[in-house]
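Engineer: One file is attached below, start_34.txt, containing compact mmCIF, C-alpha atoms.
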# COMPACT_ATOMS: atom_id res chain seq x y z
CA MET W 1 96.59 118.19 112.30
CA GLU W 2 97.00 121.51 110.53
CA SER W 3 96.71 121.31 106.75
CA SER W 4 99.97 121.98 104.90
CA ARG W 5 98.05 124.32 102.61
CA SER W 6 97.50 126.71 105.53
CA VAL W 7 101.19 126.80 106.48
CA PRO W 8 103.08 129.70 104.86
CA GLY W 9 105.82 128.45 102.57
CA ALA W 10 104.63 124.82 102.70
CA GLN W 11 104.52 124.47 98.92
CA ALA W 12 108.10 125.71 98.51
CA ILE W 13 109.27 123.35 101.27
CA ALA W 14 107.47 120.42 99.67
CA ARG W 15 109.04 121.20 96.30
CA ALA W 16 112.51 121.53 97.82
CA ALA W 17 112.07 118.25 99.70
CA ARG W 18 110.98 116.54 96.49
CA LEU W 19 114.10 117.81 94.74
CA LEU W 20 116.31 116.61 97.60
CA ARG W 21 114.85 113.12 97.27
CA LEU W 22 115.37 113.16 93.51
CA VAL W 23 118.97 114.35 93.84
CA THR W 24 119.81 111.62 96.34
CA ALA W 25 118.06 109.04 94.14
CA GLY W 26 120.58 109.92 91.44
CA GLY W 27 123.30 108.35 93.57
CA SER W 28 126.96 109.06 92.93
CA ASP W 29 126.29 109.99 89.29
CA GLY W 30 124.00 112.87 90.26
CA ALA W 31 121.13 114.17 88.14
CA THR W 32 120.77 116.76 85.42
CA LEU W 33 118.66 119.88 85.77
CA GLN W 34 116.43 118.71 82.94
CA ASP W 35 115.78 115.30 84.54
CA LEU W 36 115.10 116.86 87.94
CA ALA W 37 112.67 119.40 86.49
CA ARG W 38 110.80 116.70 84.59
CA SER W 39 110.61 114.30 87.55
CA ALA W 40 109.50 117.06 89.92
CA ASP W 41 107.00 118.41 87.38
CA LEU W 42 108.51 121.89 87.66
CA SER W 43 109.81 124.40 85.15
CA ARG W 44 113.56 124.52 84.61
CA SER W 45 113.73 128.04 86.03
CA THR W 46 111.87 127.07 89.23
CA THR W 47 113.97 123.95 89.59
CA HIS W 48 117.20 125.89 89.16
CA ARG W 49 116.08 128.52 91.67
CA LEU W 50 115.24 125.93 94.31
CA LEU W 51 118.43 123.96 93.70
CA SER W 52 120.50 127.13 93.98
CA ALA W 53 118.88 127.91 97.33
CA LEU W 54 119.58 124.36 98.54
CA LYS W 55 123.17 124.65 97.32
CA ALA W 56 123.64 127.86 99.29
CA GLU W 57 122.68 125.90 102.41
CA GLY W 58 125.04 123.03 101.55
CA LEU W 59 122.19 120.54 101.02
CA VAL W 60 123.04 119.91 97.36
CA ASP W 61 126.12 120.50 95.26
CA ARG W 62 126.81 120.93 91.55
CA ASP W 63 129.67 119.20 89.80
CA GLY W 64 131.80 121.76 87.99
CA GLU W 65 132.56 119.55 84.99
CA SER W 66 129.35 117.63 84.38
CA THR W 67 127.02 120.31 85.87
CA ARG W 68 125.03 117.45 87.43
CA TRP W 69 123.44 117.99 90.83
CA MET W 70 124.52 115.82 93.76
CA PRO W 71 123.89 115.53 97.52
CA GLY W 72 125.70 118.19 99.52
CA PRO W 73 127.88 117.99 102.63
CA GLU W 74 125.15 119.17 105.00
CA LEU W 75 123.07 116.12 104.08
CA PHE W 76 125.92 113.91 105.24
CA LEU W 77 126.09 115.70 108.58
CA MET W 78 122.33 115.56 109.06
CA GLY W 79 122.26 111.92 108.06
CA THR W 80 124.94 111.05 110.57
CA VAL W 81 122.84 112.49 113.39
CA ALA W 82 119.59 110.91 112.13
CA ALA W 83 121.28 107.53 111.75
CA ALA W 84 121.52 107.17 115.52
CA ARG W 85 117.73 106.88 115.61
CA TYR W 86 116.68 105.47 112.26
CA ASP W 87 119.59 103.65 110.66
CA VAL W 88 119.85 99.89 111.06
CA THR W 89 122.37 99.33 108.27
CA ALA W 90 125.04 98.48 110.84
CA LEU W 91 122.84 95.59 111.96
CA ALA W 92 122.21 94.51 108.37
CA ARG W 93 125.63 94.85 106.75
CA ASP W 94 127.09 91.43 107.57
CA ILE W 95 123.77 89.71 106.82
CA VAL W 96 123.62 91.30 103.36
CA ARG W 97 127.23 90.24 102.76
CA SER W 98 126.43 86.68 103.88
CA LEU W 99 123.43 86.60 101.54
CA ALA W 100 125.58 87.64 98.59
CA VAL W 101 128.28 85.08 99.42
CA LYS W 102 125.86 82.17 99.85
CA THR W 103 123.77 82.88 96.75
CA GLU W 104 126.49 84.39 94.52
CA GLU W 105 123.89 86.99 93.46
CA SER W 106 123.76 90.73 94.22
CA ALA W 107 122.13 91.29 97.61
CA PHE W 108 120.40 94.43 98.91
CA PHE W 109 118.92 95.99 102.01
CA SER W 110 116.10 98.51 101.53
CA VAL W 111 114.00 100.61 103.87
CA ARG W 112 110.39 101.63 103.55
CA ARG W 113 110.02 105.39 103.27
CA ALA W 114 106.34 106.40 103.03
CA ASP W 115 105.08 104.87 99.75
CA GLU W 116 108.54 103.95 98.45
CA THR W 117 111.50 101.75 99.19
CA VAL W 118 115.02 103.17 99.23
CA CYS W 119 118.07 100.94 98.77
CA LEU W 120 120.55 101.40 101.63
CA LEU W 121 123.09 98.63 101.00
CA ARG W 122 124.30 96.67 97.99
CA GLU W 123 126.69 93.74 98.09
CA GLU W 124 127.91 92.13 94.87
CA GLY W 125 127.80 88.37 94.45
CA SER W 126 130.57 86.39 92.82
CA PHE W 127 128.62 85.48 89.69
CA PRO W 128 130.14 87.61 86.90
CA ILE W 129 126.89 88.53 85.11
CA ARG W 130 124.98 91.03 87.22
CA SER W 131 121.82 93.09 87.21
CA PHE W 132 122.18 96.82 87.84
CA VAL W 133 118.53 97.69 88.41
CA LEU W 134 119.18 98.56 92.05
CA SER W 135 121.91 100.44 93.92
CA GLU W 136 122.26 102.63 96.99
CA GLY W 137 119.84 105.54 96.99
CA VAL W 138 117.56 104.18 94.26
CA ARG W 139 113.85 104.44 95.04
CA PHE W 140 110.91 102.40 93.80
CA PRO W 141 107.21 102.62 94.66
CA LEU W 142 105.93 99.87 96.92
CA GLY W 143 104.79 96.88 94.90
CA VAL W 144 107.18 97.46 92.00
CA ALA W 145 110.62 96.05 92.89
CA SER W 146 110.77 92.80 94.85
CA ALA W 147 111.67 94.58 98.11
CA GLY W 148 108.64 96.84 97.91
CA LEU W 149 106.41 93.96 96.85
CA ALA W 150 107.45 91.98 99.93
CA ILE W 151 106.83 94.94 102.23
CA LEU W 152 103.43 95.75 100.72
CA ALA W 153 102.31 92.13 100.93
CA PHE W 154 102.71 92.05 104.70
CA LEU W 155 101.05 95.38 105.45
CA PRO W 156 97.48 95.25 106.82
CA ASP W 157 94.79 94.94 104.14
CA HIS W 158 93.45 98.43 104.81
CA ASP W 159 96.93 99.90 104.28
CA VAL W 160 97.22 98.05 100.96
CA ASP W 161 93.80 99.32 99.87
CA ALA W 162 94.71 102.88 100.80
CA TYR W 163 98.04 102.64 98.97
CA LEU W 164 96.43 101.42 95.75
CA ASP W 165 93.81 104.17 95.98
CA ARG W 166 96.59 106.76 96.30
CA HIS W 167 98.52 105.43 93.31
CA PRO W 168 96.29 104.72 90.32
CA GLU W 169 99.25 105.66 88.09
CA LEU W 170 101.25 102.48 88.79
CA ALA W 171 100.03 100.59 85.72
CA GLN W 172 100.67 103.53 83.41
CA GLU W 173 104.17 104.16 84.73
CA TRP W 174 105.34 100.58 85.39
CA GLY W 175 103.27 98.41 83.06
CA ARG W 176 99.92 96.64 83.11
CA GLN W 177 101.18 93.99 85.54
CA HIS W 178 101.05 96.75 88.15
CA ALA W 179 97.33 97.36 87.73
CA PRO W 180 95.35 96.57 90.91
CA ALA W 181 94.16 93.07 89.95
CA PRO W 182 97.51 91.52 88.88
CA LEU W 183 99.34 93.37 91.65
CA ARG W 184 96.94 92.01 94.26
CA ALA W 185 97.47 88.53 92.85
CA ARG W 186 101.24 88.89 93.25
CA LEU W 187 100.77 90.20 96.78
CA ALA W 188 98.68 87.12 97.65
CA ASP W 189 101.33 84.82 96.13
CA THR W 190 104.04 86.64 98.09
CA LYS W 191 102.19 86.27 101.37
CA GLU W 192 101.59 82.56 100.76
CA ARG W 193 105.16 81.88 99.61
CA GLY W 194 106.80 84.12 102.20
CA TYR W 195 108.93 86.04 99.71
CA ALA W 196 108.30 88.11 96.57
CA VAL W 197 109.34 87.24 93.03
CA ASN W 198 109.78 89.88 90.34
CA PRO W 199 110.08 88.00 87.00
CA GLY W 200 111.74 90.75 84.98
CA LEU W 201 108.91 93.27 85.27
CA ILE W 202 111.22 96.29 85.64
CA VAL W 203 113.98 95.28 83.22
CA GLU W 204 113.43 92.30 80.94
CA GLY W 205 115.67 89.41 81.89
CA SER W 206 116.49 90.81 85.34
CA TRP W 207 114.78 88.86 88.12
CA GLY W 208 114.45 89.76 91.77
CA LEU W 209 113.48 88.12 95.05
CA GLY W 210 112.50 90.05 98.17
CA ALA W 211 111.72 89.19 101.79
CA ALA W 212 110.27 91.57 104.35
CA VAL W 213 112.15 92.48 107.52
CA PHE W 214 109.99 93.42 110.50
CA ASP W 215 110.35 95.89 113.35
CA ARG W 216 109.68 95.11 117.01
CA SER W 217 105.94 95.61 116.57
CA GLY W 218 105.78 93.23 113.61
CA ARG W 219 105.46 95.81 110.82
CA PRO W 220 107.41 95.30 107.59
CA GLU W 221 109.69 98.34 107.50
CA TRP W 222 112.66 96.93 105.57
CA ALA W 223 113.46 94.20 103.07
CA LEU W 224 116.32 92.04 101.89
CA SER W 225 116.43 91.25 98.19
CA LEU W 226 118.41 89.50 95.49
CA THR W 227 118.72 90.32 91.80
CA GLY W 228 120.24 88.42 88.93
CA VAL W 229 119.81 87.31 85.35
CA GLU W 230 116.81 85.18 84.44
CA PHE W 231 118.56 81.87 83.74
CA ARG W 232 119.91 81.89 87.31
CA PHE W 233 116.36 81.83 88.70
CA GLY W 234 115.03 78.51 87.44
CA PRO W 235 112.30 76.74 89.50
CA GLU W 236 114.58 74.53 91.63
CA ARG W 237 117.18 77.18 92.34
CA LEU W 238 114.44 79.77 92.90
CA ALA W 239 113.12 77.73 95.83
CA ASP W 240 116.63 77.39 97.30
CA LEU W 241 117.27 81.11 96.92
CA GLY W 242 113.92 81.86 98.57
CA ARG W 243 114.71 79.70 101.59
CA THR W 244 118.13 81.31 101.98
CA LEU W 245 116.64 84.78 101.62
CA LEU W 246 113.92 84.09 104.21
CA ALA W 247 116.44 82.69 106.69
CA HIS W 248 118.53 85.85 106.44
CA ALA W 249 115.44 88.06 106.71
CA HIS W 250 114.29 86.22 109.84
CA GLN W 251 117.78 86.61 111.32
CA LEU W 252 117.77 90.35 110.68
CA SER W 253 114.24 90.80 112.06
CA ALA W 254 115.31 89.03 115.25
CA ARG W 255 118.43 91.16 115.47
CA ILE W 256 116.42 94.36 115.10
CA ALA W 257 113.90 93.19 117.70
CA ASN W 258 116.71 92.49 120.15
CA GLY W 259 118.50 95.74 119.30
CA ARG W 260 121.89 94.11 119.04
CA ARG W 261 124.52 93.31 116.42
In structure tokens, how does this file's structure come out?
Structural biologist:
Amino acid sequence: MESSRSVPGAQAIARAARLLRLVTAGGSDGATLQDLARSADLSRSTTHRLLSALKAEGLVDRDGESTRWMPGPELFLMGTVAAARYDVTALARDIVRSLAVKTEESAFFSVRRADETVCLLREEGSFPIRSFVLSEGVRFPLGVASAGLAILAFLPDHDVDAYLDRHPELAQEWGRQHAPAPLRARLADTKERGYAVNPGLIVEGSWGLGAAVFDRSGRPEWALSLTGVEFRFGPERLADLGRTLLAHAHQLSARIANGRR
């Protein structure tokens, strides 16, 4: 494969793609120029220049009142076409809704995208106190949120090793519990239990459960997850939630394998 460094304009394309991902991760609230520049590790002037070029092509837009940057109309059109090949949210939507109804917690469907998970669907549960760590478009590195922890746990060992080698910054950015040793311990627990547990490691008091969803070849490419406040995740109820989550994940994996609703 030809190195991207030898392709003219590859750096500019990579930077623009990074900004597109960051803008979409901002969700419906959008993102400020300052936040985008900092997250992309670019100067404000370079960030503004790239965003302006993307805006001219309709890939991003800028809110006139807040000046925040948001996904543009061309992304919607492109996504509609790409969905025919990649999107399985239509298969997952009623399962996510069922999960929220049965558990009364917020339920989510996320997809693996390279070394991250991206939330595609959110369904609110009926319990009035909710966690807002996750919503549509939000990204987390694998092994951080419960969805990504579940996916990473069921990848082949050599893929896990390679991932950890690529991301030595996890502990610095997400806390010492994301250093290789404690993360590997949680991955082992997840594999043995069948589902992941995040005991408030992202936001204190906000717990999450995640279960991998597999493609036809048996690779974990998606995940279902639940989030809620800590006192709702006591030992007995945690086991019940885990069984319900796994049952829904198995149902969705079978549905994807069969290619039907």
Engineer: So how many Å separate atom CA of His167 of chain W and atom CA of Leu142 of chain W, to one decimal?
Structural biologist: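 Computing the Euclidean distance for atom CA of His167 of chain W and atom CA of Leu142 of chain W yields 9.9 Å.
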Engineer: Using only C-alpha atoms, what residues lie at most 10 Å away from (110.0, 125.0, 98.4) (file coordinates), given as a PDB file with C-alpha atoms, keeping the file's coordinate frame?
Structural biologist:
ATOM      1  CA  GLY W   9     105.820 128.450 102.570  1.00  0.00           C
ATOM      2  CA  ALA W  10     104.630 124.820 102.700  1.00  0.00           C
ATOM      3  CA  GLN W  11     104.520 124.470  98.920  1.00  0.00           C
ATOM      4  CA  ALA W  12     108.100 125.710  98.510  1.00  0.00           C
ATOM      5  CA  ILE W  13     109.270 123.350 101.270  1.00  0.00           C
ATOM      6  CA  ALA W  14     107.470 120.420  99.670  1.00  0.00           C
ATOM      7  CA  ARG W  15     109.040 121.200  96.300  1.00  0.00           C
ATOM      8  CA  ALA W  16     112.510 121.530  97.820  1.00  0.00           C
ATOM      9  CA  ALA W  17     112.070 118.250  99.700  1.00  0.00           C
ATOM     10  CA  ARG W  18     110.980 116.540  96.490  1.00  0.00           C
ATOM     11  CA  LEU W  19     114.100 117.810  94.740  1.00  0.00           C
ATOM     12  CA  THR W  46     111.870 127.070  89.230  1.00  0.00           C
ATOM     13  CA  THR W  47     113.970 123.950  89.590  1.00  0.00           C
ATOM     14  CA  ARG W  49     116.080 128.520  91.670  1.00  0.00           C
ATOM     15  CA  LEU W  50     115.240 125.930  94.310  1.00  0.00           C
ATOM     16  CA  LEU W  51     118.430 123.960  93.700  1.00  0.00           C
ATOM     17  CA  ALA W  53     118.880 127.910  97.330  1.00  0.00           C
ATOM     18  CA  LEU W  54     119.580 124.360  98.540  1.00  0.00           C
TER      19      LEU W  54
END
Engineer: Find the residue from W:Leu183, W:Ala147, W:Gly175, W:Leu241 that sits nearest to Val160 of chain W; use all atoms listed in the file when measuring.
Structural biologist: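 Ranked by minimum distance to Val160 of chain W, first place goes to W:Leu183.
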Engineer: From the set W:Val111, W:Ala196, W:Ala254, W:Leu226, which residue has the shortest atom-to-atom contact distance to Ala150 of chain W, counting only C-alpha atoms?
Structural biologist: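 Of W:Val111, W:Ala196, W:Ala254, W:Leu226, the one nearest Ala150 of chain W, counting only C-alpha atoms, is W:Ala196.
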Engineer: Measure the distance from atom CA of Asp189 of chain W to atom CA of Pro220 of chain W in Å and round it to one decimal.
Structural biologist: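 If I compute the distance from atom CA of Asp189 of chain W to atom CA of Pro220 of chain W, I get 16.7 Å.
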Engineer: Which of these, W:Arg139, W:Arg176, W:Arg219, W:Arg232, has the shortest distance to Asp159 of chain W once you count all atoms listed in the file?
Structural biologist: W:Arg219
Engineer: Would you mind listing what lies within 12 Å of Val101 of chain W as a ChimeraX atom specification, with all atoms listed in the file counted and same-chain residues fewer than 4 positions away left out?
Structural biologist: /W:94-97,105-107,123-127,226,241,244-245
Engineer: I'd like the interatomic distance between atom CA of His48 of chain W and atom CA of Asp29 of chain W, to a tenth of an Å.
Structural biologist: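 Value for the atom CA of His48 of chain W-atom CA of Asp29 of chain W distance: 18.3 Å.
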Engineer: Excluding same-chain residues fewer than 2 positions from segment 204-209 of chain W, what lies within 7 Å of it counting only C-alpha atoms, as an MDAnalysis selection string?
Structural biologist: chainID W and resid 131 146 195:202 225:230
Engineer: Keeping only C-alpha atoms, write the selected residues to a file as an mmCIF file, in the frame of the given file.
Structural biologist:
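So the final result, stored in out.cif, reads:
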data_model
loop_
_atom_site.group_PDB
_atom_site.id
_atom_site.type_symbol
_atom_site.label_atom_id
_atom_site.label_comp_id
_atom_site.auth_asym_id
_atom_site.auth_seq_id
_atom_site.Cartn_x
_atom_site.Cartn_y
_atom_site.Cartn_z
ATOM 1 C CA SER W 131 121.820 93.090 87.210
ATOM 2 C CA SER W 146 110.770 92.800 94.850
ATOM 3 C CA TYR W 195 108.930 86.040 99.710
ATOM 4 C CA ALA W 196 108.300 88.110 96.570
ATOM 5 C CA VAL W 197 109.340 87.240 93.030
ATOM 6 C CA ASN W 198 109.780 89.880 90.340
ATOM 7 C CA PRO W 199 110.080 88.000 87.000
ATOM 8 C CA GLY W 200 111.740 90.750 84.980
ATOM 9 C CA LEU W 201 108.910 93.270 85.270
ATOM 10 C CA ILE W 202 111.220 96.290 85.640
ATOM 11 C CA SER W 225 116.430 91.250 98.190
ATOM 12 C CA LEU W 226 118.410 89.500 95.490
ATOM 13 C CA THR W 227 118.720 90.320 91.800
ATOM 14 C CA GLY W 228 120.240 88.420 88.930
ATOM 15 C CA VAL W 229 119.810 87.310 85.350
ATOM 16 C CA GLU W 230 116.810 85.180 84.440
#
Engineer: Axis-aligned box over every listed atom of segment 219-227 of chain W, padded by 6 Å per side: centre and edges in Å to one decimal, as JSON?
Structural biologist:
{"center_x": 112.1, "center_y": 93.9, "center_z": 101.3, "size_x": 25.3, "size_y": 20.8, "size_z": 31.0}
Engineer: Would you kindly return, as a list in words, each protein, DNA or RNA residue with an atom no farther than 9 Å from any atom of Cys119 of chain W, considering all atoms listed in the file and excluding same-chain residues fewer than 4 positions away?
Structural biologist: Phe108, Phe109, Ser110, Val111, Leu134, Ser135, Glu136, Gly137, Val138, Arg139 and Phe140 of chain W
Engineer: With a distance cut-off of 8 Å and all atoms listed in the file, select the neighbouring residues of Thr89 of chain W, excluding the residue or stretch itself and same-chain residues fewer than 4 positions from it, and output the selection as a PyMOL selection string.
Structural biologist: chain W and resi 93+109+120-121
